[in-house]
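Asker: Let me give you the structure first, and then I'll get to my questions.
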Amino acid sequence: MDFTLSEDLSSLEDVVRRFAASEIAPNARQWDREANIPREAIAKMGELGIMGIFIPSEYGGSGLGDLGATVITEEIARHCGGTALMLDAHNALCSAHLLVGANDDQKAKYFPKLATGEFLGAWALSEPGCGSDASALTATAERDGDHWVLHGSKQWITNGQYADVFVVMAKTTPEGGPKGISAFIVERDTPGLSIGAKEDKLGMRASDTVGLTLDNARIPESSLCGALNEGFVHAMKVLERGRITIAALAIGLARGALEEALAYAKQRHAFGKPIFEQQSVQFMLADMATEIEAARLLTRRAAILSDSGHPSNLEASIAKLFASEMATRACLNAIQIFGGMGYTKEVPVERYMRDAKLCEIGEGTSQVQRIIIARRLLEL
């Protein structure tokens with residue numbers, strides 16, 4: 001397997017790296033503090049093509065695969081995990097679900113606006129009573145003539161405060177378990193859809209997270225996304241792609257922590273010499289660099305397999321598990337290298353640490369990833 005980026009992806013990596021350094025890095029602390037990413041910034045990302053990573057070119061998207069998504073996500077997360085998470089929910093969850101489930105008319109209606117950032121997308125699977133056990137959701141959708149009527153609550157919805165379109169999972173055959181869940185496209189102005197207040201979170205604060213309430217929310221029959229009762233099947237495929245992207249997000253945060261810590265270690269003096277010359281500091285930096293490279297290779301392997309059409313569920317879980325836990329370790333080491341300064345908001349490493357923890361929770365916790373991996377081992 002060749003992990004070398006193509007010339008096109010290398011060029012894209014450079015473009016996104018320069019964009020992130022000039023447009024995101026100077027604003028990341030403010031966006032974290034204010035818990036908001038301005039729509040003007042999202043529009044610039046749309047102009048760059050990173051709001052339509054998976055959307056085919058005929059709809060105005062970039063038409064990239066998972067490998068391209070990992071390149072973009074790492075570069076954005078290097079400076080702001082919350083911005084990368086916004087992109088993940090928009091691209092790897094909402095748009096990706098439309099890609100596998102939506103019909104041609106739905107794609108023509110939503111993809112062009114999602115690709116430019118005119119529309120922001122969100123994905124609604126989790127509920128107050130079900131997170132890891134997603135098949136236990138209780139939201140329902142019932143036919144009423146030529147409409148569907150949705151009832152229930154959703155929780156932890158990234159982009160929910162500002163999203164223009166939601167992909168919502170609900171039970172259509174209550175006795176069917178996972179095989180009785182369907183997906184629906186719900187627009188923001190749908191009567192009966194209520195959007196809750198932003199969660200006051202530890203990290204990923206630039207990215208908004210809310211709860212949704214569906215109270216007699218009526219949507220057209222044509223809003224069904226995919227075949228009836230196939231919503232959960234599609235959701236699991238979407239989560240597989242999302243885990244690859246979250247792994248890349250974690251790598252970006254860890255890389256940011258390493259680069260910031262390395263620069264500081266070169267200029268900070270203690271005991272008459274730069275702290276980089278202290279072996280204990282060198283060992284921390286060496287461990288960070290080694291684990292980041294390992295995580296990147298694991299993530300690119302999963303992405304390449306997915307792009308080639310091969311099953312990548314095991315590889316995606318391995319990459320996500322290792323990269324997310326690695327990122328937390330790297331960010332904690334960076335804070336340690338910065339010492340007291342690392343415990344303040346004057347430097348970004350404390351924000352990276354707060355952001356990194358979410359990678360061990362979102363798109364399936366570390367414990368869920370270990371279950372997936374162990375079950376696959378039992379099949380061998």
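Starting from 1 in every chain, residues are counted up; chains themselves are A, B, ... following the order of the structure tokens, and ligands are numbered from 1 as listed.
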List the neighbours of Asp104 of chain A out to 12 Å using only C-alpha atoms; skip same-chain residues closer than 6 positions along the sequence, and give me the result as a short mmCIF file (atom, residue, chain, number, x, y, z; two decimals) with C-alpha atoms, in the first residue's frame.
Answerer:
```cif
data_model
loop_
_atom_site.label_atom_id
_atom_site.label_comp_id
_atom_site.auth_asym_id
_atom_site.auth_seq_id
_atom_site.Cartn_x
_atom_site.Cartn_y
_atom_site.Cartn_z
CA PRO A 56 -19.41 15.20 -6.53
CA GLU A 58 -21.31 17.96 -10.89
CA TYR A 59 -23.00 19.46 -7.81
CA LEU A 98 -26.90 12.24 1.62
CA TYR A 110 -29.10 20.27 -1.28
CA PHE A 111 -25.60 19.49 -2.54
CA SER A 222 -40.25 13.03 -0.29
CA CYS A 225 -33.55 9.77 2.70
CA GLY A 226 -32.89 6.32 1.30
#
```
Asker: Residues at most 6 Å from segment 298-305 of chain A, counting only C-alpha atoms, excluding those fewer than 3 positions away in the same chain, as a PyMOL selection string?
Answerer: chain A and resi 66-67+295+308+310+312+315-316+319
Asker: Give me the residues within 9 Å of Ala227 of chain A as a PDB file with N, CA, C and O atoms, in the first residue's frame, counting only C-alpha atoms and dropping any in the same chain fewer than 2 places off.
Answerer:
```pdb
ATOM      1  N   GLY A 101     -27.487   7.902   0.691  1.00  0.00           N
ATOM      2  CA  GLY A 101     -28.912   7.636   0.819  1.00  0.00           C
ATOM      3  C   GLY A 101     -29.825   8.468  -0.047  1.00  0.00           C
ATOM      4  O   GLY A 101     -30.906   8.010  -0.439  1.00  0.00           O
ATOM      5  N   SER A 182     -35.307   4.726   9.926  1.00  0.00           N
ATOM      6  CA  SER A 182     -35.157   5.407   8.632  1.00  0.00           C
ATOM      7  C   SER A 182     -34.515   6.770   8.840  1.00  0.00           C
ATOM      8  O   SER A 182     -34.477   7.300   9.950  1.00  0.00           O
ATOM      9  N   ALA A 183     -33.997   7.328   7.754  1.00  0.00           N
ATOM     10  CA  ALA A 183     -33.377   8.650   7.791  1.00  0.00           C
ATOM     11  C   ALA A 183     -34.256   9.645   7.046  1.00  0.00           C
ATOM     12  O   ALA A 183     -34.883   9.302   6.037  1.00  0.00           O
ATOM     13  N   LEU A 224     -37.937  11.460   2.950  1.00  0.00           N
ATOM     14  CA  LEU A 224     -37.296  10.200   3.320  1.00  0.00           C
ATOM     15  C   LEU A 224     -35.974  10.089   2.571  1.00  0.00           C
ATOM     16  O   LEU A 224     -35.915  10.221   1.352  1.00  0.00           O
ATOM     17  N   CYS A 225     -34.882   9.835   3.301  1.00  0.00           N
ATOM     18  CA  CYS A 225     -33.546   9.768   2.701  1.00  0.00           C
ATOM     19  C   CYS A 225     -33.111   8.311   2.633  1.00  0.00           C
ATOM     20  O   CYS A 225     -32.744   7.711   3.639  1.00  0.00           O
ATOM     21  N   ASN A 229     -36.598   2.116   6.326  1.00  0.00           N
ATOM     22  CA  ASN A 229     -35.966   1.216   7.303  1.00  0.00           C
ATOM     23  C   ASN A 229     -34.491   0.908   7.017  1.00  0.00           C
ATOM     24  O   ASN A 229     -33.928  -0.004   7.625  1.00  0.00           O
ATOM     25  N   GLU A 230     -33.867   1.681   6.137  1.00  0.00           N
ATOM     26  CA  GLU A 230     -32.443   1.492   5.872  1.00  0.00           C
ATOM     27  C   GLU A 230     -31.577   2.594   6.491  1.00  0.00           C
ATOM     28  O   GLU A 230     -30.381   2.654   6.257  1.00  0.00           O
ATOM     29  N   GLY A 231     -32.187   3.451   7.303  1.00  0.00           N
ATOM     30  CA  GLY A 231     -31.461   4.575   7.874  1.00  0.00           C
ATOM     31  C   GLY A 231     -30.321   4.174   8.784  1.00  0.00           C
ATOM     32  O   GLY A 231     -29.240   4.774   8.744  1.00  0.00           O
TER      33      GLY A 231
END
```
Asker: Would you give me, as an MDAnalysis selection string, the residues in segment 39-283 of chain A that DSSP reads as alpha helix (DSSP H)?
Answerer: chainID A and resid 39:48 66:77 81:87 96:101 104:116 231:267 279:283
Asker: Counting only C-alpha atoms, which of A:Glu127, A:Tyr264, A:Asp133, A:Gly272 gets nearest to Thr213 of chain A?
Answerer: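 Of A:Glu127, A:Tyr264, A:Asp133, A:Gly272, the one nearest Thr213 of chain A is A:Glu127, counting only C-alpha atoms.
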Asker: If DSSP is run on the backbone, what residues of segment 213-359 of chain A are strand (DSSP E)? A reply as a VMD selection string would be ideal.
Answerer: chain A and resid 213 to 220 224 to 225 269 to 270 273 to 274
Asker: Please identify all polymer residues within 9 Å of Leu202 of chain A, counting only C-alpha atoms, omitting same-chain residues fewer than 6 positions from it, and present them as a list of chain:residue names.
Answerer: A:Arg354, A:Asp355, A:Lys357, A:Leu358
Asker: Could you list, with a cut-off of 12 Å and counting only C-alpha atoms, the residues of segment 32-133 of chain A near segment 320-330 of chain A, each shown with its nearest atom pair and the distance in Å rounded to one decimal, rows sorted by chain and ascending number, as CSV?
Answerer:
```
residue,atom,partner,partner_atom,distance
A:Thr70,CA,A:Lys320,CA,11.9
A:Glu74,CA,A:Ala323,CA,11.6
A:Ala77,CA,A:Ala327,CA,11.4
A:Arg78,CA,A:Ala327,CA,11.4
A:Gly81,CA,A:Ala327,CA,11.5
```
Asker: Mind writing the picked residues with N, CA, C and O atoms as a compact mmCIF listing (two decimals), in the first residue's frame?
Answerer:
```txt
# COMPACT_ATOMS: atom_id res chain seq x y z
N THR A 70 -8.81 13.39 5.05
CA THR A 70 -7.85 13.33 6.16
C THR A 70 -6.81 14.44 6.02
O THR A 70 -6.39 15.04 7.03
N GLU A 74 -6.68 17.33 8.99
CA GLU A 74 -5.47 17.49 9.79
C GLU A 74 -4.97 18.93 9.75
O GLU A 74 -4.59 19.49 10.80
N ALA A 77 -7.38 21.17 11.80
CA ALA A 77 -7.31 20.87 13.24
C ALA A 77 -5.99 21.30 13.85
O ALA A 77 -5.92 21.53 15.06
N ARG A 78 -4.95 21.42 13.04
CA ARG A 78 -3.66 21.89 13.55
C ARG A 78 -3.82 23.21 14.30
O ARG A 78 -3.09 23.49 15.27
N GLY A 81 -9.49 22.75 16.62
CA GLY A 81 -10.26 21.52 16.61
C GLY A 81 -11.73 21.77 16.38
O GLY A 81 -12.41 20.98 15.70
```
Asker: Hey, what's within 8 Å of Asn91 of chain A if we count only C-alpha atoms and toss same-chain stuff fewer than 2 positions away? As a list of chain:residue names, please?
Answerer: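 Within the cut-off, the hits are A:Met51, A:Gly52, A:Ile53, A:Phe54, A:Leu87, A:Asp88, A:Ala89, A:Leu93, A:Cys94, A:Ser95, A:Ala96, A:Gly121.
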Asker: Which residues, written as a ChimeraX atom specification, have at least one atom at most 6 Å from Ser223 of chain A, with only C-alpha atoms counted and residues fewer than 2 positions away on the same chain left out?
Answerer: /A:184-185,220-221
Asker: Ranking A:Gln367, A:Gln106, A:Ser22, A:Gln30 by minimum distance to Lys345 of chain A and counting only C-alpha atoms, which one comes first?
Answerer: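 Selected residue with least distance to Lys345 of chain A: A:Gln30.
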Asker: What is the atom CA of Leu332 of chain A to atom CA of Ala265 of chain A distance in Å?
Answerer: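 According to the coordinates, atom CA of Leu332 of chain A and atom CA of Ala265 of chain A are separated by 14.9 Å.
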